$ cat data01.txt   # compact mmCIF, C-alpha atoms
# COMPACT_ATOMS: atom_id res chain seq x y z
CA MET A 14 -5.13 54.06 -111.83
CA PRO A 15 -5.76 54.40 -108.10
CA SER A 16 -6.14 57.93 -106.76
CA TYR A 17 -6.62 59.80 -103.50
CA MET A 18 -8.68 62.83 -102.52
CA LEU A 19 -8.20 64.72 -99.24
CA ASP A 20 -11.17 66.77 -98.03
CA GLY A 21 -12.50 66.75 -101.60
CA VAL A 22 -9.22 67.96 -103.17
CA PRO A 23 -7.53 65.60 -105.66
CA LEU A 24 -4.02 64.70 -104.58
CA ASP A 25 -3.20 64.46 -108.27
CA HIS A 26 -4.06 68.07 -109.11
CA PRO A 27 -6.03 68.38 -112.40
CA ALA A 28 -3.68 71.11 -113.67
CA GLY A 29 -0.56 69.36 -112.44
CA CYS A 30 0.25 71.82 -109.62
CA TRP A 31 1.20 68.73 -107.58
CA ARG A 32 1.00 65.00 -108.18
CA LEU A 33 1.54 61.87 -106.18
CA LYS A 34 4.78 60.20 -107.15
CA LYS A 35 4.68 56.78 -108.78
CA GLY A 36 4.91 54.03 -106.22
CA THR A 37 2.83 55.83 -103.61
CA GLN A 38 1.58 53.28 -101.12
CA ARG A 39 -1.79 51.61 -101.38
CA ARG A 40 -3.82 51.90 -98.19
CA PRO A 41 -2.04 49.53 -95.80
CA LEU A 42 -3.47 46.57 -93.90
CA PRO A 43 -3.80 47.14 -90.14
CA GLY A 44 -2.03 44.85 -87.74
CA ALA A 45 -3.49 43.28 -84.62
CA ARG A 46 -2.65 44.79 -81.24
CA ALA A 47 -0.37 42.13 -79.79
CA VAL A 48 -1.27 40.44 -76.52
CA LYS A 49 0.90 37.67 -75.08
CA VAL A 50 -0.15 35.48 -72.18
CA SER A 51 2.28 32.86 -70.93
CA VAL A 52 2.07 30.63 -67.87
CA PRO A 53 4.65 28.43 -66.16
CA GLY A 54 4.57 24.79 -67.17
CA ARG A 55 3.07 25.42 -70.58
CA HIS A 56 4.98 25.79 -73.84
CA GLY A 57 4.59 28.96 -75.88
CA ASP A 58 1.77 31.42 -75.28
CA ILE A 59 -1.94 31.03 -74.64
CA ALA A 60 -3.82 31.81 -77.84
CA VAL A 61 -5.82 35.05 -77.69
CA VAL A 62 -8.38 35.72 -80.42
CA GLY A 63 -10.49 38.76 -81.16
CA LEU A 64 -7.55 41.15 -80.91
CA ASP A 65 -8.21 44.80 -81.63
CA LEU A 66 -6.55 46.47 -84.62
CA GLU A 67 -3.75 49.03 -84.49
CA ALA A 68 -3.93 52.40 -86.20
CA THR A 69 -2.27 52.38 -89.62
CA THR A 70 0.28 54.85 -90.96
CA PHE A 71 1.55 55.35 -94.50
CA GLY A 72 3.28 57.95 -96.63
CA LEU A 73 2.04 60.07 -99.52
CA SER A 74 4.89 61.45 -101.64
CA PHE A 75 4.29 64.48 -103.86
CA LYS A 76 6.05 66.21 -106.70
CA VAL A 77 5.19 69.91 -106.77
CA SER A 78 5.53 71.70 -110.11
CA SER A 79 5.42 75.28 -111.37
CA ALA A 80 2.07 74.86 -113.13
CA THR A 81 -0.64 77.43 -112.42
CA PRO A 82 -4.20 76.28 -111.60
CA SER A 83 -5.05 77.06 -115.23
CA GLY A 84 -2.21 74.85 -116.50
CA ALA A 85 0.30 77.53 -117.54
CA ASN A 86 3.94 77.61 -116.46
CA GLY A 87 4.34 80.11 -113.62
CA GLY A 88 8.02 79.56 -112.88
CA TYR A 89 9.67 79.28 -109.49
CA GLU A 90 7.28 81.73 -107.81
CA GLN A 91 4.27 79.60 -108.80
CA MET A 92 6.01 76.49 -107.49
CA GLU A 93 6.30 78.24 -104.12
CA ARG A 94 2.61 79.13 -104.23
CA ASN A 95 1.74 75.53 -105.07
CA LEU A 96 3.90 74.29 -102.21
CA GLU A 97 2.14 76.67 -99.82
CA ALA A 98 -1.29 75.53 -101.04
CA LEU A 99 -0.38 71.87 -100.61
CA SER A 100 1.12 72.58 -97.19
CA ALA A 101 -2.11 74.28 -96.12
CA LEU A 102 -4.12 71.25 -97.30
CA LEU A 103 -1.85 68.88 -95.37
CA GLY A 104 -1.52 71.18 -92.36
CA VAL A 105 -4.97 70.75 -90.80
CA ARG A 106 -4.50 69.68 -87.18
CA HIS A 107 -7.69 70.73 -85.36
CA ARG A 108 -9.91 68.01 -86.86
CA LEU A 109 -9.85 64.72 -88.72
CA MET A 110 -9.85 64.93 -92.51
CA LYS A 111 -11.65 62.72 -95.01
CA LEU A 112 -9.31 60.71 -97.24
CA ARG A 113 -10.92 59.03 -100.23
CA TYR A 114 -9.26 56.16 -102.08
CA GLU A 115 -10.56 55.22 -105.51
CA ALA A 116 -9.53 52.43 -107.87
CA GLY A 117 -12.05 52.01 -110.66
CA SER A 118 -15.42 51.27 -109.08
CA ILE A 119 -13.81 50.64 -105.69
CA VAL A 120 -14.24 53.61 -103.33
CA ARG A 121 -13.09 53.60 -99.71
CA VAL A 122 -12.97 56.47 -97.21
CA ALA A 123 -11.29 56.99 -93.85
CA ASP A 124 -10.96 59.76 -91.28
CA VAL A 125 -7.26 60.62 -91.11
CA THR A 126 -4.79 63.02 -89.66
CA ILE A 127 -1.44 64.15 -91.09
CA THR A 128 1.09 63.49 -88.35
CA ALA A 129 4.21 64.83 -90.10
CA THR A 130 5.56 66.24 -93.35
CA SER A 131 9.10 66.12 -94.64
CA GLU A 132 11.26 69.14 -95.37
CA PRO A 133 10.67 70.06 -99.04
CA GLU A 134 13.45 69.06 -101.43
CA ILE A 135 13.75 72.00 -103.82
CA ASN A 136 15.15 71.84 -107.36
CA THR A 137 15.62 75.53 -108.08
CA GLY A 138 16.58 75.15 -111.72
CA ALA A 139 13.61 72.96 -112.61
CA ALA A 140 11.24 74.88 -110.29
CA THR A 141 10.01 71.68 -108.64
CA ALA A 142 9.85 70.33 -105.11
CA ARG A 143 9.35 66.98 -103.46
CA ILE A 144 7.56 66.48 -100.16
CA THR A 145 6.21 63.49 -98.22
CA ALA A 146 3.29 63.49 -95.79
CA VAL A 147 2.77 60.84 -93.11
CA VAL A 148 -0.92 59.88 -92.89
CA GLU A 149 -2.44 58.11 -89.89
CA VAL A 150 -5.78 56.31 -89.88
CA PRO A 151 -6.64 56.32 -86.14
CA GLY A 152 -9.67 54.07 -86.60
CA ALA A 153 -7.62 51.48 -88.55
CA LEU A 154 -10.50 50.60 -90.90
CA TRP A 155 -11.67 52.08 -94.20
CA ARG A 156 -15.39 52.43 -94.88
CA ASP A 157 -17.99 52.83 -97.61
CA GLU A 158 -18.88 56.44 -98.39
CA SER A 159 -22.55 56.09 -97.47
CA GLU A 160 -24.74 54.03 -95.17
CA SER A 161 -27.19 51.36 -96.30
CA THR A 162 -30.20 49.93 -94.49
CA TRP A 163 -31.07 46.24 -94.26
CA LEU A 164 -34.46 44.83 -93.27
CA GLY A 165 -34.69 41.43 -91.60
CA ALA A 166 -36.98 39.16 -89.62
CA SER A 167 -37.34 39.68 -85.88
CA ASN A 168 -37.02 36.00 -84.98
CA GLN A 169 -34.72 34.04 -87.28
CA LEU A 170 -31.31 32.38 -87.10
CA ALA A 171 -28.31 33.14 -89.36
CA GLN A 172 -29.77 35.83 -91.61
CA ALA A 173 -27.36 37.30 -94.16
CA VAL A 174 -27.12 41.09 -93.93
CA THR A 175 -26.93 41.56 -97.69
CA THR A 176 -26.04 45.27 -97.54
CA LEU A 177 -22.84 44.43 -95.63
CA ALA A 178 -21.69 41.61 -97.93
CA GLY A 179 -18.11 42.02 -99.11
CA SER A 180 -16.81 43.65 -95.92
CA THR A 181 -13.38 42.56 -94.75
CA GLY A 182 -13.39 44.23 -91.33
CA PRO A 183 -15.79 44.38 -88.37
CA ILE A 184 -18.52 47.03 -88.35
CA THR A 185 -18.40 48.50 -84.85
CA ASP A 186 -20.85 51.41 -85.13
CA ALA A 187 -24.04 49.94 -86.59
CA LEU A 188 -27.45 51.42 -85.77
CA LEU A 189 -30.05 48.77 -84.92
CA ARG A 190 -33.80 49.31 -84.95
CA PHE A 191 -36.40 46.86 -83.64
CA THR A 192 -40.05 47.53 -84.46
CA GLY A 193 -42.73 46.13 -82.14
CA PRO A 194 -44.64 44.29 -81.09
CA ALA A 195 -41.81 42.28 -79.57
CA VAL A 196 -40.86 41.01 -76.12
CA GLN A 197 -37.16 40.79 -75.19
CA PRO A 198 -35.82 41.60 -78.67
CA SER A 199 -32.23 40.50 -79.23
CA ILE A 200 -29.72 40.25 -82.04
CA GLY A 201 -26.47 38.32 -82.25
CA ASP A 202 -23.46 38.26 -84.54
CA VAL A 203 -22.92 34.69 -85.74
CA ALA A 204 -19.17 35.02 -86.37
CA THR A 205 -18.20 36.29 -82.91
CA GLY A 206 -21.07 35.03 -80.75
CA GLY A 207 -21.80 38.49 -79.38
CA TRP A 208 -25.39 39.49 -78.55
CA VAL A 209 -27.22 42.65 -77.56
CA LEU A 210 -30.73 42.59 -76.10
CA ARG A 211 -33.30 44.48 -74.05
CA THR A 212 -35.33 42.83 -71.34
CA GLY A 213 -38.88 44.09 -71.63
CA GLY A 214 -41.23 44.60 -74.52
CA LEU A 215 -42.19 46.88 -77.39
CA LEU A 216 -45.79 47.65 -78.18
CA ALA A 217 -47.08 47.85 -81.76
CA GLY A 218 -45.64 50.99 -83.34
CA GLU A 219 -42.85 51.37 -80.79
CA ARG A 220 -39.25 51.16 -81.94
CA LEU A 221 -36.05 50.38 -80.07
CA LEU A 222 -32.95 52.15 -81.41
CA ILE A 223 -29.52 50.82 -80.44
CA ASP A 224 -26.34 52.73 -81.36
CA CYS A 225 -23.58 50.12 -81.05
CA GLY A 226 -20.77 52.63 -81.57
CA ARG A 227 -21.89 55.03 -78.83
CA MET A 228 -23.35 52.28 -76.63
CA GLN A 229 -26.65 54.12 -76.30
CA ALA A 230 -30.29 53.11 -76.78
CA ALA A 231 -33.67 54.81 -76.92
CA LYS A 232 -37.32 53.89 -77.37
CA VAL A 233 -39.14 56.05 -79.94
CA MET A 234 -42.74 56.29 -81.10
CA THR A 235 -42.11 57.51 -84.67
CA ASP A 236 -40.35 56.28 -87.80
CA THR A 237 -36.96 57.78 -86.99
CA TRP A 238 -33.32 56.80 -86.52
CA ASN A 239 -32.68 59.71 -84.15
CA LEU A 240 -32.10 58.51 -80.60
CA SER A 241 -32.63 61.98 -79.16
CA ALA A 242 -36.26 61.85 -80.36
CA GLY A 243 -37.16 59.19 -77.81
CA THR A 244 -36.76 58.00 -74.24
CA ASP A 245 -33.32 56.86 -73.14
CA VAL A 246 -33.23 53.15 -72.27
CA THR A 247 -29.47 52.63 -72.32
CA GLY A 248 -29.55 51.16 -68.82
CA GLU A 249 -31.95 48.45 -69.97
CA ILE A 250 -29.59 47.04 -72.63
CA ASP A 251 -27.58 43.88 -71.96
CA ALA A 252 -24.59 42.76 -74.02
CA ILE A 253 -23.16 39.25 -73.85
CA GLY A 254 -20.28 37.52 -75.59
CA PRO A 255 -16.58 38.28 -76.16
CA GLY A 256 -15.61 41.82 -75.14
CA SER A 257 -19.18 42.71 -74.21
CA GLN A 258 -18.09 44.45 -71.00
CA PHE A 259 -16.71 47.37 -73.01
CA ARG A 260 -18.43 47.19 -76.41
CA TRP A 261 -21.70 46.31 -78.04
CA LEU A 262 -22.36 44.25 -81.14
CA HIS A 263 -19.51 44.06 -83.68
CA LEU A 264 -20.89 42.82 -87.01
CA THR A 265 -18.09 40.66 -88.39
CA PRO A 266 -17.84 39.17 -91.89
CA ALA A 267 -17.24 35.44 -92.19
CA VAL A 268 -15.43 33.91 -95.16
CA ALA A 269 -17.14 30.96 -96.80
CA VAL A 270 -15.14 27.73 -96.72
CA GLY A 271 -12.79 27.66 -99.69
CA ASP A 272 -14.08 30.94 -101.18
CA PRO A 273 -12.45 34.17 -99.92
CA PHE A 274 -14.58 36.17 -102.37
CA SER A 275 -17.71 35.17 -100.45
CA ARG A 276 -17.81 37.33 -97.31
CA ALA A 277 -21.08 37.64 -95.44
CA VAL A 278 -22.25 39.18 -92.17
CA LEU A 279 -24.71 36.79 -90.51
CA VAL A 280 -27.01 37.75 -87.63
CA SER A 281 -29.52 35.84 -85.55
CA THR A 282 -32.54 37.53 -84.00
CA SER A 283 -34.94 36.49 -81.31
CA ALA A 284 -38.16 37.92 -79.85
CA THR A 285 -41.52 36.68 -78.60
CA SER A 286 -45.07 37.98 -79.05
CA THR A 287 -44.27 39.22 -82.56
CA ASP A 288 -46.54 39.63 -85.57
CA ALA A 289 -46.26 40.58 -89.24
CA ASN A 290 -45.29 44.15 -88.33
CA SER A 291 -42.33 43.13 -86.16
CA LYS A 292 -38.93 43.58 -87.78
CA ILE A 293 -35.26 44.36 -87.32
CA GLU A 294 -33.30 46.89 -89.37
CA ILE A 295 -29.57 47.57 -89.52
CA ARG A 296 -28.12 50.84 -90.81
CA ALA A 297 -24.36 50.77 -91.34
CA ARG A 298 -21.42 51.23 -93.68
CA ARG A 299 -19.23 48.33 -94.72
CA ALA A 300 -15.74 48.21 -93.22
CA TYR A 301 -12.46 47.17 -94.86
CA LEU A 302 -9.00 46.24 -93.63
$ encode --input "data01.txt" --output "structure tokens"
Amino acid sequence: MPSYMLDGVPLDHPAGCWRLKKGTQRRPLPGARAVKVSVPGRHGDIAVVGLDLEATTFGLSFKVSSATPSGANGGYEQMERNLEALSALLGVRHRLMKLRYEAGSIVRVADVTITATSEPEINTGAATARITAVVEVPGALWRDESESTWLGASNQLAQAVTTLAGSTGPITDALLRFTGPAVQPSIGDVATGGWVLRTGGLLAGERLLIDCGRMQAAKVMTDTWNLSAGTDVTGEIDAIGPGSQFRWLHLTPAVAVGDPFSRAVLVSTSATSTDANSKIEIRARRAYL
């Protein structure tokens, strides 16, 4: 059975203090942010691809019981205490919360906020209550729980990023690391045609770190993924391709022809003056619609 956890707390309480009602929504699919461009003398609209995704919203419906945390029946007073505890869990407004969705071996997480809760429906005689919370996923996408790191060649076309296989959504916040020697290192996403590169070179032992999500870059001298440990070179980074004026590389899965179960992120890399020590690494979490 699928289940949810909010900030590490099961939304189906182990002792039955509250449970999600049957029929609670699965995590919804995000829609595209609509853009329509029409011109006189042409039928319909001009096709626009690469649309950004809208935030998703869905409801979690709970039944609150009179069970104590130890599993005993505490009557109406305990139901009130359970309702207060659940309201406190759902009432966090000063930060995003971590919602975890699990269905067997499938685990997805998202940063969420609770935008509204319904007025509790109280059944005094049965000492139960019903309440619904409206959950918003501002970032639209769900992610893996932890990052993985992929190692690839510094000068090769259409390499499969095996650690990101199976994604269904674009990864917009990958960390890239080039290790020198390399002159004008660059990396491109095959699906979208977007590229990010640095004019200039890296000496042996130097590393170029590129944070695609924050649109920052640094050159470091040690084996680290920490941009603050090096020299800022953000102004030396060029991005080309669709949407490159306001974002850096979006690693996008491509579906194999006729096989929707085969989803791969392909990247091409390019650099000159490389040797056996030159390499590219990608650290990221898979993304899901």
$ closest_residue --input "data01.txt" --among "A:Leu19, A:Val174, A:Ala146, A:Val233" --to "A:Leu109" --atoms "all atoms listed in the file"
A:Leu19
$ atom_distance --input "data01.txt" --atom1 "atom CA of A:Pro273" --atom2 "atom CA of A:Tyr17"
26.5 Å
$ closest_residue --input "data01.txt" --among "A:Ser131, A:Gln229, A:Ser291, A:Gln258" --to "A:Asp245" --atoms "only C-alpha atoms"
A:Gln229
$ closest_residue --input "data01.txt" --among "A:Ala297, A:Leu216, A:Val48, A:Ala80" --to "A:Pro27" --atoms "only C-alpha atoms"
A:Ala80
$ residues_around --input "data01.txt" --residues "A:Gln91" --least-positions-apart "3" --cutoff "8 Å" --atoms "only C-alpha atoms" --output "ChimeraX atom specification"
/A:79-81,86-88,94-95
$ atom_distance --input "data01.txt" --atom1 "atom CA of A:Val50" --atom2 "atom CA of A:Thr205"
21.0 Å
$ residues_around --input "data01.txt" --residues "A:Arg143" --least-positions-apart "4" --cutoff "10 Å" --atoms "all atoms listed in the file" --output "list in words"
Trp31, Arg32, Leu33, Lys34, Ser74, Phe75, Lys76, Val77, Ser78, Leu96, Ser131, Glu132, Pro133, Glu134, Ile135 and Asn136 of chain A
$ atom_distance --input "data01.txt" --atom1 "atom CA of A:Arg220" --atom2 "atom CA of A:Thr192"
4.5 Å
$ residues_around --input "data01.txt" --residues "A:Gly182" --least-positions-apart "3" --cutoff "10 Å" --atoms "all atoms listed in the file" --output "VMD selection string"
chain A and resid 66 153 to 156 179 185 263 to 267 299 to 302
$ closest_residue --input "data01.txt" --among "A:Ser257, A:Thr212, A:Thr175, A:Asn290" --to "A:Ala277" --atoms "only C-alpha atoms"
A:Thr175
$ closest_residue --input "data01.txt" --among "A:Gln169, A:Thr162, A:Thr126, A:Thr145" --to "A:Asp20" --atoms "only C-alpha atoms"
A:Thr126
$ closest_residue --input "data01.txt" --among "A:Ala139, A:His26, A:Trp238, A:Gln197" --to "A:Ala98" --atoms "all atoms listed in the file"
A:His26
$ residues_around --input "data01.txt" --residues "A:Gln172" --least-positions-apart "4" --cutoff "8 Å" --atoms "only C-alpha atoms" --output "short mmCIF file (atom, residue, chain, number, x, y, z; two decimals) with C-alpha atoms, keeping the file's coordinate frame"
data_model
loop_
_atom_site.label_atom_id
_atom_site.label_comp_id
_atom_site.auth_asym_id
_atom_site.auth_seq_id
_atom_site.Cartn_x
_atom_site.Cartn_y
_atom_site.Cartn_z
CA GLY A 165 -34.69 41.43 -91.60
CA LEU A 279 -24.71 36.79 -90.51
CA VAL A 280 -27.01 37.75 -87.63
CA SER A 281 -29.52 35.84 -85.55
#
$ axis_aligned_box --input "data01.txt" --around "stretch 249-266 of chain A" --padding-each-side "3 Å" --output "JSON"
{"center_x": -23.8, "center_y": 43.0, "center_z": -80.9, "size_x": 22.3, "size_y": 16.9, "size_z": 27.9}
$ decode --input "data01.txt" --residues "stretch 126-158 of chain A" --atoms "N, CA and C atoms" --output "PDB file, in the first residue's frame"
ATOM      1  N   THR A 126       4.437  22.663   1.092  1.00  0.00           N
ATOM      2  CA  THR A 126       3.830  23.517   2.090  1.00  0.00           C
ATOM      3  C   THR A 126       2.343  23.191   2.170  1.00  0.00           C
ATOM      4  N   ILE A 127       1.763  23.299   3.358  1.00  0.00           N
ATOM      5  CA  ILE A 127       0.327  23.086   3.539  1.00  0.00           C
ATOM      6  C   ILE A 127      -0.350  24.433   3.401  1.00  0.00           C
ATOM      7  N   THR A 128      -1.127  24.601   2.358  1.00  0.00           N
ATOM      8  CA  THR A 128      -1.712  25.915   2.077  1.00  0.00           C
ATOM      9  C   THR A 128      -3.049  26.131   2.770  1.00  0.00           C
ATOM     10  N   ALA A 129      -3.738  25.054   3.159  1.00  0.00           N
ATOM     11  CA  ALA A 129      -5.035  25.202   3.822  1.00  0.00           C
ATOM     12  C   ALA A 129      -5.434  23.889   4.485  1.00  0.00           C
ATOM     13  N   THR A 130      -6.260  23.978   5.489  1.00  0.00           N
ATOM     14  CA  THR A 130      -6.873  22.796   6.100  1.00  0.00           C
ATOM     15  C   THR A 130      -8.359  23.072   6.288  1.00  0.00           C
ATOM     16  N   SER A 131      -9.139  22.021   6.172  1.00  0.00           N
ATOM     17  CA  SER A 131     -10.584  22.170   6.314  1.00  0.00           C
ATOM     18  C   SER A 131     -10.974  22.282   7.790  1.00  0.00           C
ATOM     19  N   GLU A 132     -12.170  22.751   8.021  1.00  0.00           N
ATOM     20  CA  GLU A 132     -12.723  22.745   9.385  1.00  0.00           C
ATOM     21  C   GLU A 132     -12.984  21.288   9.777  1.00  0.00           C
ATOM     22  N   PRO A 133     -12.520  20.846  10.950  1.00  0.00           N
ATOM     23  CA  PRO A 133     -12.733  19.449  11.342  1.00  0.00           C
ATOM     24  C   PRO A 133     -14.221  19.102  11.435  1.00  0.00           C
ATOM     25  N   GLU A 134     -14.570  17.933  10.897  1.00  0.00           N
ATOM     26  CA  GLU A 134     -15.924  17.398  11.050  1.00  0.00           C
ATOM     27  C   GLU A 134     -15.913  16.433  12.228  1.00  0.00           C
ATOM     28  N   ILE A 135     -16.589  16.809  13.294  1.00  0.00           N
ATOM     29  CA  ILE A 135     -16.521  16.055  14.547  1.00  0.00           C
ATOM     30  C   ILE A 135     -17.731  15.130  14.685  1.00  0.00           C
ATOM     31  N   ASN A 136     -17.466  13.871  15.009  1.00  0.00           N
ATOM     32  CA  ASN A 136     -18.511  12.926  15.412  1.00  0.00           C
ATOM     33  C   ASN A 136     -18.347  12.710  16.911  1.00  0.00           C
ATOM     34  N   THR A 137     -19.137  13.419  17.692  1.00  0.00           N
ATOM     35  CA  THR A 137     -18.957  13.402  19.144  1.00  0.00           C
ATOM     36  C   THR A 137     -19.185  12.014  19.717  1.00  0.00           C
ATOM     37  N   GLY A 138     -20.232  11.339  19.267  1.00  0.00           N
ATOM     38  CA  GLY A 138     -20.546  10.035  19.831  1.00  0.00           C
ATOM     39  C   GLY A 138     -19.466   8.998  19.563  1.00  0.00           C
ATOM     40  N   ALA A 139     -18.886   9.013  18.375  1.00  0.00           N
ATOM     41  CA  ALA A 139     -17.853   8.042  18.032  1.00  0.00           C
ATOM     42  C   ALA A 139     -16.455   8.520  18.397  1.00  0.00           C
ATOM     43  N   ALA A 140     -16.345   9.760  18.875  1.00  0.00           N
ATOM     44  CA  ALA A 140     -15.049  10.358  19.232  1.00  0.00           C
ATOM     45  C   ALA A 140     -14.067  10.269  18.058  1.00  0.00           C
ATOM     46  N   THR A 141     -14.532  10.734  16.895  1.00  0.00           N
ATOM     47  CA  THR A 141     -13.683  10.771  15.699  1.00  0.00           C
ATOM     48  C   THR A 141     -13.824  12.129  15.014  1.00  0.00           C
ATOM     49  N   ALA A 142     -12.903  12.422  14.145  1.00  0.00           N
ATOM     50  CA  ALA A 142     -12.961  13.668  13.382  1.00  0.00           C
ATOM     51  C   ALA A 142     -12.413  13.406  11.992  1.00  0.00           C
ATOM     52  N   ARG A 143     -12.830  14.230  11.075  1.00  0.00           N
ATOM     53  CA  ARG A 143     -12.314  14.163   9.710  1.00  0.00           C
ATOM     54  C   ARG A 143     -11.778  15.539   9.335  1.00  0.00           C
ATOM     55  N   ILE A 144     -10.630  15.549   8.668  1.00  0.00           N
ATOM     56  CA  ILE A 144     -10.004  16.806   8.288  1.00  0.00           C
ATOM     57  C   ILE A 144      -9.223  16.587   6.995  1.00  0.00           C
ATOM     58  N   THR A 145      -9.183  17.603   6.143  1.00  0.00           N
ATOM     59  CA  THR A 145      -8.451  17.533   4.877  1.00  0.00           C
ATOM     60  C   THR A 145      -7.435  18.657   4.807  1.00  0.00           C
ATOM     61  N   ALA A 146      -6.230  18.324   4.400  1.00  0.00           N
ATOM     62  CA  ALA A 146      -5.163  19.310   4.218  1.00  0.00           C
ATOM     63  C   ALA A 146      -4.855  19.453   2.736  1.00  0.00           C
ATOM     64  N   VAL A 147      -4.652  20.686   2.293  1.00  0.00           N
ATOM     65  CA  VAL A 147      -4.289  20.969   0.905  1.00  0.00           C
ATOM     66  C   VAL A 147      -2.774  21.141   0.840  1.00  0.00           C
ATOM     67  N   VAL A 148      -2.117  20.264   0.084  1.00  0.00           N
ATOM     68  CA  VAL A 148      -0.659  20.242  -0.023  1.00  0.00           C
ATOM     69  C   VAL A 148      -0.246  20.835  -1.362  1.00  0.00           C
ATOM     70  N   GLU A 149       0.742  21.730  -1.329  1.00  0.00           N
ATOM     71  CA  GLU A 149       1.286  22.291  -2.568  1.00  0.00           C
ATOM     72  C   GLU A 149       2.745  21.908  -2.707  1.00  0.00           C
ATOM     73  N   VAL A 150       3.112  21.485  -3.919  1.00  0.00           N
ATOM     74  CA  VAL A 150       4.509  21.187  -4.251  1.00  0.00           C
ATOM     75  C   VAL A 150       4.998  22.342  -5.129  1.00  0.00           C
ATOM     76  N   PRO A 151       5.629  23.371  -4.527  1.00  0.00           N
ATOM     77  CA  PRO A 151       6.003  24.557  -5.317  1.00  0.00           C
ATOM     78  C   PRO A 151       6.956  24.238  -6.465  1.00  0.00           C
ATOM     79  N   GLY A 152       7.848  23.277  -6.251  1.00  0.00           N
ATOM     80  CA  GLY A 152       8.814  22.938  -7.291  1.00  0.00           C
ATOM     81  C   GLY A 152       8.300  21.990  -8.345  1.00  0.00           C
ATOM     82  N   ALA A 153       7.051  21.568  -8.243  1.00  0.00           N
ATOM     83  CA  ALA A 153       6.366  20.721  -9.232  1.00  0.00           C
ATOM     84  C   ALA A 153       6.872  19.283  -9.266  1.00  0.00           C
ATOM     85  N   LEU A 154       8.188  19.073  -9.150  1.00  0.00           N
ATOM     86  CA  LEU A 154       8.767  17.747  -9.348  1.00  0.00           C
ATOM     87  C   LEU A 154       9.035  17.045  -8.022  1.00  0.00           C
ATOM     88  N   TRP A 155       8.997  15.709  -8.061  1.00  0.00           N
ATOM     89  CA  TRP A 155       9.406  14.861  -6.952  1.00  0.00           C
ATOM     90  C   TRP A 155      10.812  14.352  -7.238  1.00  0.00           C
ATOM     91  N   ARG A 156      11.549  14.005  -6.198  1.00  0.00           N
ATOM     92  CA  ARG A 156      12.957  13.668  -6.359  1.00  0.00           C
ATOM     93  C   ARG A 156      13.300  12.372  -5.628  1.00  0.00           C
ATOM     94  N   ASP A 157      14.480  11.830  -5.966  1.00  0.00           N
ATOM     95  CA  ASP A 157      15.061  10.766  -5.149  1.00  0.00           C
ATOM     96  C   ASP A 157      15.429  11.338  -3.788  1.00  0.00           C
ATOM     97  N   GLU A 158      15.568  10.452  -2.787  1.00  0.00           N
ATOM     98  CA  GLU A 158      15.947  10.912  -1.455  1.00  0.00           C
ATOM     99  C   GLU A 158      17.394  11.382  -1.397  1.00  0.00           C
TER     100      GLU A 158
END
